[in-house]
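> The structure that follows is given in the form of structure tokens.
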Amino acid sequence: MPELATHQIRQAPSPLPPGPKHDVLTAEHWGILSAIADTVIPSFTPLAGNRLLQHPLRREVYQASCQRLQQGIGLQDALALATSYLAESAFEQREFKDGLTRLVNDQLHEEAREQLIFILNALGSRAGSFLLTGYTTPLDCLPIQAREQILGTWARSRLPLLRQLHRSFTTLVKVLWVRTSPTLGLVLSYPRTPVHHNPPGIFLPFTFLQIPPSADNEPEVLEADVVVVGSGCGGAVAAKTFAEAGMNVIVIDRSYYWPPEHLPMSEYEGLAHLFANGGALQSDDTSMAIVAGSAWGGGGTVNWSASLQTQGYIRREWSQKFGLTQYTSAAYQADLDAVCDRMGVGTAAIEHNKTNQ
């Protein structure tokens, strides 16, 4: 496996916003969550250690695992990295816990948060633990081998609730761990921050209005011919069209502008700064995950490699089911084409990855 590319852009720091002021979870809740996280991503050791936190392996199995990792890593300190990777558990990483704290308190849908607290309360009690795990001992007091057995039982259960618990907890832990692990990217030769061979180009010199608070609480009056709400692909092209027609245009957006010296960001930072709800946006019924840009430039900032027009059958459904006939009109198609043309959408420069090939 090739070594990591070394030509990376030196970004300006992009610190995350302050975490939640109030934590909806108790210390007991966090104990249960940490027990689940460290079961999904356990710490492997060659000797018996803390039975609540570490998964001991037979020495020959541990050594064979280290050797396989060492051969695949291809770095000078491969053995030390392999050892650190095997010893790593999810909840011992500060960024992992920080991400989980933000997710639970700021990003989860209210209904999903209430369901999580209900399950954590049950797993922390003797009666609830017995119903969900078959043990009267609370989950965080069980050794890691017993917790692994419980997760496996949930995955194979005939009860939809238990299968959903397994899927929800394991997916949550794995996704957060992939984003925050200090060793996984090195083991896979996958940099946490995208690698570029050329620095980003010069961006347009945007002019932003900074309106200071008024001492007498009088509103600030701004005059414009057109106010465009949202700076994404649609809003940006609309603003340009109005401005070229000689109109005075103001574009307003709820999100921040990150100049090129802050880009690219790591996945963890990028989701927090550039995506709506930290990338954890859901539909009201929690049945659908929605990934939407929330930065100056909107989807044009984050979806630079995937720009797809809404498919015809979807637009026909909107028209027939909801009476939104404008979406099947020739004028709307012309507008879509104009936006794509201005944003440089095309297929000429596409280089498909191995999966697509």
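Chain identifiers are assigned as A, B, and so on, following the order in which chains appear in the structure tokens; residues are numbered from 1 within each chain, and ligands are numbered from 1 in order of appearance.
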Quick one: everything within 10 Å of Ile117 of chain A, counting only C-alpha atoms, minus sequence neighbours fewer than 2 positions away in the same chain. Send it as a PyMOL selection string.
chain A and resi 24-26+29+104+112-115+119-123
> Please identify every residue of segment 146-209 of chain A that has at least one atom no farther than 7 Å from an atom of segment 255-275 of chain A, counting only C-alpha atoms, and for each give the shortest atom pair and the distance in Å to one decimal, arranged by chain then increasing number, as a tab-separated table.

```
residue	atom	partner	partner_atom	distance
A:Arg179	CA	A:Tyr268	CA	5.6
A:Thr180	CA	A:Tyr268	CA	6.7
A:Arg192	CA	A:Ser266	CA	5.3
A:Thr193	CA	A:Ser266	CA	4.3
A:Pro194	CA	A:Pro264	CA	6.4
A:Pro200	CA	A:Pro260	CA	6.7
```
> Restricting the calculation to only C-alpha atoms: of A:Leu172, A:Ala146, A:Leu116, A:Leu186, which residue gets closest to Ala78 of chain A?
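Closest candidate: A:Leu186.
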> Of the candidates A:Ile41, A:Ala215, A:Pro143, A:Glu223, which one gets nearest to Val178 of chain A if we count only C-alpha atoms?
A:Ile41
> Compile the contact shell of Gly293 of chain A as a tab-separated table (two decimals) with N, CA and C atoms, in the first residue's frame: residues with an atom at most 12 Å away, counting only C-alpha atoms, same-chain residues fewer than 3 positions apart removed.

```
chain	number	residue	atom	x	y	z
A	230	GLY	N	-30.69	32.93	0.54
A	230	GLY	CA	-29.92	31.73	0.25
A	230	GLY	C	-28.87	31.98	-0.81
A	231	SER	N	-27.65	31.52	-0.54
A	231	SER	CA	-26.53	31.78	-1.45
A	231	SER	C	-26.09	30.53	-2.21
A	232	GLY	N	-26.94	29.50	-2.24
A	232	GLY	CA	-26.60	28.28	-2.95
A	232	GLY	C	-26.67	28.46	-4.46
A	233	CYS	N	-26.68	27.35	-5.17
A	233	CYS	CA	-26.63	27.42	-6.63
A	233	CYS	C	-27.79	28.23	-7.20
A	253	ASP	N	-27.93	34.97	3.96
A	253	ASP	CA	-27.75	33.55	4.22
A	253	ASP	C	-27.56	33.35	5.71
A	254	ARG	N	-28.06	32.25	6.23
A	254	ARG	CA	-27.98	31.98	7.66
A	254	ARG	C	-26.60	31.49	8.09
A	255	SER	N	-25.77	31.11	7.14
A	255	SER	CA	-24.52	30.43	7.46
A	255	SER	C	-23.32	31.33	7.22
A	256	TYR	N	-22.14	30.78	7.50
A	256	TYR	CA	-20.90	31.54	7.45
A	256	TYR	C	-20.17	31.34	6.12
A	270	GLY	N	-15.64	19.60	8.61
A	270	GLY	CA	-16.49	19.99	7.50
A	270	GLY	C	-17.96	19.77	7.77
A	271	LEU	N	-18.29	18.64	8.39
A	271	LEU	CA	-19.70	18.38	8.70
A	271	LEU	C	-20.23	19.41	9.69
A	272	ALA	N	-19.41	19.78	10.67
A	272	ALA	CA	-19.86	20.74	11.67
A	272	ALA	C	-20.03	22.14	11.09
A	273	HIS	N	-19.13	22.53	10.18
A	273	HIS	CA	-19.12	23.90	9.68
A	273	HIS	C	-19.92	24.10	8.40
A	274	LEU	N	-20.00	23.09	7.56
A	274	LEU	CA	-20.49	23.29	6.20
A	274	LEU	C	-21.81	22.60	5.89
A	275	PHE	N	-22.34	21.81	6.82
A	275	PHE	CA	-23.56	21.06	6.55
A	275	PHE	C	-24.64	21.40	7.57
A	276	ALA	N	-25.88	21.38	7.11
A	276	ALA	CA	-27.01	21.66	8.00
A	276	ALA	C	-27.08	20.62	9.10
A	277	ASN	N	-27.22	21.11	10.32
A	277	ASN	CA	-27.35	20.24	11.49
A	277	ASN	C	-26.19	19.26	11.62
A	278	GLY	N	-25.01	19.71	11.22
A	278	GLY	CA	-23.83	18.86	11.35
A	278	GLY	C	-23.87	17.61	10.50
A	279	GLY	N	-24.67	17.63	9.42
A	279	GLY	CA	-24.79	16.46	8.56
A	279	GLY	C	-25.75	15.42	9.08
A	280	ALA	N	-26.48	15.74	10.17
A	280	ALA	CA	-27.39	14.77	10.79
A	280	ALA	C	-28.84	15.20	10.65
A	281	LEU	N	-29.17	15.86	9.56
A	281	LEU	CA	-30.54	16.33	9.33
A	281	LEU	C	-31.43	15.15	8.93
A	290	ILE	N	-31.07	13.50	5.46
A	290	ILE	CA	-30.96	14.55	4.45
A	290	ILE	C	-29.59	15.22	4.62
A	296	TRP	N	-21.83	29.55	3.28
A	296	TRP	CA	-21.95	30.51	2.18
A	296	TRP	C	-21.65	29.78	0.87
A	297	GLY	N	-22.61	29.76	-0.02
A	297	GLY	CA	-22.50	28.98	-1.24
A	297	GLY	C	-23.37	27.74	-1.23
A	298	GLY	N	-23.89	27.37	-0.05
A	298	GLY	CA	-24.82	26.25	0.06
A	298	GLY	C	-24.29	24.98	-0.56
A	299	GLY	N	-25.15	24.33	-1.34
A	299	GLY	CA	-24.75	23.09	-1.99
A	299	GLY	C	-23.61	23.27	-2.96
A	300	GLY	N	-23.44	24.48	-3.49
A	300	GLY	CA	-22.33	24.73	-4.39
A	300	GLY	C	-20.97	24.68	-3.71
A	301	THR	N	-20.96	24.83	-2.39
A	301	THR	CA	-19.71	24.73	-1.64
A	301	THR	C	-19.35	23.29	-1.32
A	302	VAL	N	-20.35	22.47	-1.00
A	302	VAL	CA	-20.05	21.12	-0.51
A	302	VAL	C	-20.29	20.03	-1.55
A	303	ASN	N	-21.14	20.27	-2.54
A	303	ASN	CA	-21.47	19.23	-3.51
A	303	ASN	C	-20.82	19.50	-4.86
A	304	TRP	N	-19.57	19.89	-4.82
A	304	TRP	CA	-18.90	20.29	-6.06
A	304	TRP	C	-18.74	19.12	-7.03
```
> Taking the DSSP secondary structure from the backbone, can you list the residues of segment 13-227 of chain A that are strand (DSSP E or B), as a ChimeraX atom specification?
/A:43-45,54-56,226-227
> Among segment 164-350 of chain A, which ones does DSSP assign to alpha helix (DSSP H) (computed from the backbone)? Answer as a PyMOL selection string.
chain A and resi 164-180+184-187+233-244+267-274+299-302+312-322+330-343
> Only C-alpha atoms, please: the residues just picked out, written as a PDB file, in the first residue's frame.

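Okay, result_37.pdb is ready:
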```pdb
ATOM      1  CA  GLN A 164     -33.312  -1.601  15.230  1.00  0.00           C
ATOM      2  CA  LEU A 165     -31.352  -1.061  18.453  1.00  0.00           C
ATOM      3  CA  HIS A 166     -28.407  -2.981  17.030  1.00  0.00           C
ATOM      4  CA  ARG A 167     -28.506  -1.123  13.732  1.00  0.00           C
ATOM      5  CA  SER A 168     -28.884   2.323  15.323  1.00  0.00           C
ATOM      6  CA  PHE A 169     -26.168   1.960  17.955  1.00  0.00           C
ATOM      7  CA  THR A 170     -23.589   0.221  15.768  1.00  0.00           C
ATOM      8  CA  THR A 171     -24.105   2.610  12.843  1.00  0.00           C
ATOM      9  CA  LEU A 172     -23.854   5.659  15.097  1.00  0.00           C
ATOM     10  CA  VAL A 173     -20.641   4.470  16.747  1.00  0.00           C
ATOM     11  CA  LYS A 174     -18.964   3.350  13.515  1.00  0.00           C
ATOM     12  CA  VAL A 175     -19.753   6.556  11.636  1.00  0.00           C
ATOM     13  CA  LEU A 176     -18.459   8.772  14.440  1.00  0.00           C
ATOM     14  CA  TRP A 177     -15.380   6.615  14.958  1.00  0.00           C
ATOM     15  CA  VAL A 178     -14.465   6.703  11.264  1.00  0.00           C
ATOM     16  CA  ARG A 179     -14.623  10.507  11.389  1.00  0.00           C
ATOM     17  CA  THR A 180     -12.599  10.923  14.581  1.00  0.00           C
ATOM     18  CA  LEU A 184      -7.788   4.544  11.148  1.00  0.00           C
ATOM     19  CA  GLY A 185      -6.851   6.993   8.398  1.00  0.00           C
ATOM     20  CA  LEU A 186      -3.159   6.166   8.781  1.00  0.00           C
ATOM     21  CA  VAL A 187      -3.839   2.426   8.691  1.00  0.00           C
ATOM     22  CA  CYS A 233     -26.630  27.418  -6.634  1.00  0.00           C
ATOM     23  CA  GLY A 234     -30.158  28.691  -7.235  1.00  0.00           C
ATOM     24  CA  GLY A 235     -29.827  31.831  -5.134  1.00  0.00           C
ATOM     25  CA  ALA A 236     -26.393  32.704  -6.481  1.00  0.00           C
ATOM     26  CA  VAL A 237     -27.455  32.397 -10.122  1.00  0.00           C
ATOM     27  CA  ALA A 238     -30.650  34.347  -9.430  1.00  0.00           C
ATOM     28  CA  ALA A 239     -28.649  37.128  -7.750  1.00  0.00           C
ATOM     29  CA  LYS A 240     -26.239  37.258 -10.679  1.00  0.00           C
ATOM     30  CA  THR A 241     -29.105  37.428 -13.167  1.00  0.00           C
ATOM     31  CA  PHE A 242     -30.796  40.282 -11.313  1.00  0.00           C
ATOM     32  CA  ALA A 243     -27.515  42.174 -10.903  1.00  0.00           C
ATOM     33  CA  GLU A 244     -26.699  41.843 -14.603  1.00  0.00           C
ATOM     34  CA  GLU A 267     -14.661  15.346   7.505  1.00  0.00           C
ATOM     35  CA  TYR A 268     -15.333  16.010  11.192  1.00  0.00           C
ATOM     36  CA  GLU A 269     -14.785  19.766  10.877  1.00  0.00           C
ATOM     37  CA  GLY A 270     -16.488  19.994   7.496  1.00  0.00           C
ATOM     38  CA  LEU A 271     -19.695  18.384   8.695  1.00  0.00           C
ATOM     39  CA  ALA A 272     -19.861  20.738  11.673  1.00  0.00           C
ATOM     40  CA  HIS A 273     -19.123  23.900   9.682  1.00  0.00           C
ATOM     41  CA  LEU A 274     -20.489  23.288   6.200  1.00  0.00           C
ATOM     42  CA  GLY A 299     -24.749  23.090  -1.990  1.00  0.00           C
ATOM     43  CA  GLY A 300     -22.329  24.732  -4.393  1.00  0.00           C
ATOM     44  CA  THR A 301     -19.713  24.734  -1.638  1.00  0.00           C
ATOM     45  CA  VAL A 302     -20.052  21.121  -0.513  1.00  0.00           C
ATOM     46  CA  GLY A 312     -38.424  13.676 -14.320  1.00  0.00           C
ATOM     47  CA  TYR A 313     -40.550  11.085 -12.541  1.00  0.00           C
ATOM     48  CA  ILE A 314     -40.049  12.899  -9.227  1.00  0.00           C
ATOM     49  CA  ARG A 315     -41.100  16.204 -10.743  1.00  0.00           C
ATOM     50  CA  ARG A 316     -44.154  14.560 -12.310  1.00  0.00           C
ATOM     51  CA  GLU A 317     -45.098  13.169  -8.887  1.00  0.00           C
ATOM     52  CA  TRP A 318     -44.818  16.646  -7.364  1.00  0.00           C
ATOM     53  CA  SER A 319     -47.015  18.003 -10.136  1.00  0.00           C
ATOM     54  CA  GLN A 320     -49.694  15.301 -10.013  1.00  0.00           C
ATOM     55  CA  LYS A 321     -49.773  14.586  -6.278  1.00  0.00           C
ATOM     56  CA  PHE A 322     -49.262  18.067  -4.859  1.00  0.00           C
ATOM     57  CA  ALA A 330     -40.582  24.026 -19.926  1.00  0.00           C
ATOM     58  CA  ALA A 331     -39.745  27.260 -18.111  1.00  0.00           C
ATOM     59  CA  TYR A 332     -38.580  25.369 -15.019  1.00  0.00           C
ATOM     60  CA  GLN A 333     -36.417  23.068 -17.140  1.00  0.00           C
ATOM     61  CA  ALA A 334     -34.886  26.112 -18.805  1.00  0.00           C
ATOM     62  CA  ASP A 335     -34.130  27.561 -15.363  1.00  0.00           C
ATOM     63  CA  LEU A 336     -32.451  24.313 -14.278  1.00  0.00           C
ATOM     64  CA  ASP A 337     -30.341  24.283 -17.414  1.00  0.00           C
ATOM     65  CA  ALA A 338     -29.335  27.912 -16.860  1.00  0.00           C
ATOM     66  CA  VAL A 339     -28.218  27.193 -13.292  1.00  0.00           C
ATOM     67  CA  CYS A 340     -26.230  24.135 -14.372  1.00  0.00           C
ATOM     68  CA  ASP A 341     -24.597  26.087 -17.182  1.00  0.00           C
ATOM     69  CA  ARG A 342     -23.573  28.937 -14.868  1.00  0.00           C
ATOM     70  CA  MET A 343     -22.253  26.526 -12.217  1.00  0.00           C
TER      71      MET A 343
END
```
> Can you work out the spacing between atom CA of Thr101 of chain A and atom CA of Thr137 of chain A in Å, to one decimal?
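Atom-to-atom, atom CA of Thr101 of chain A to atom CA of Thr137 of chain A, that is 25.5 Å.
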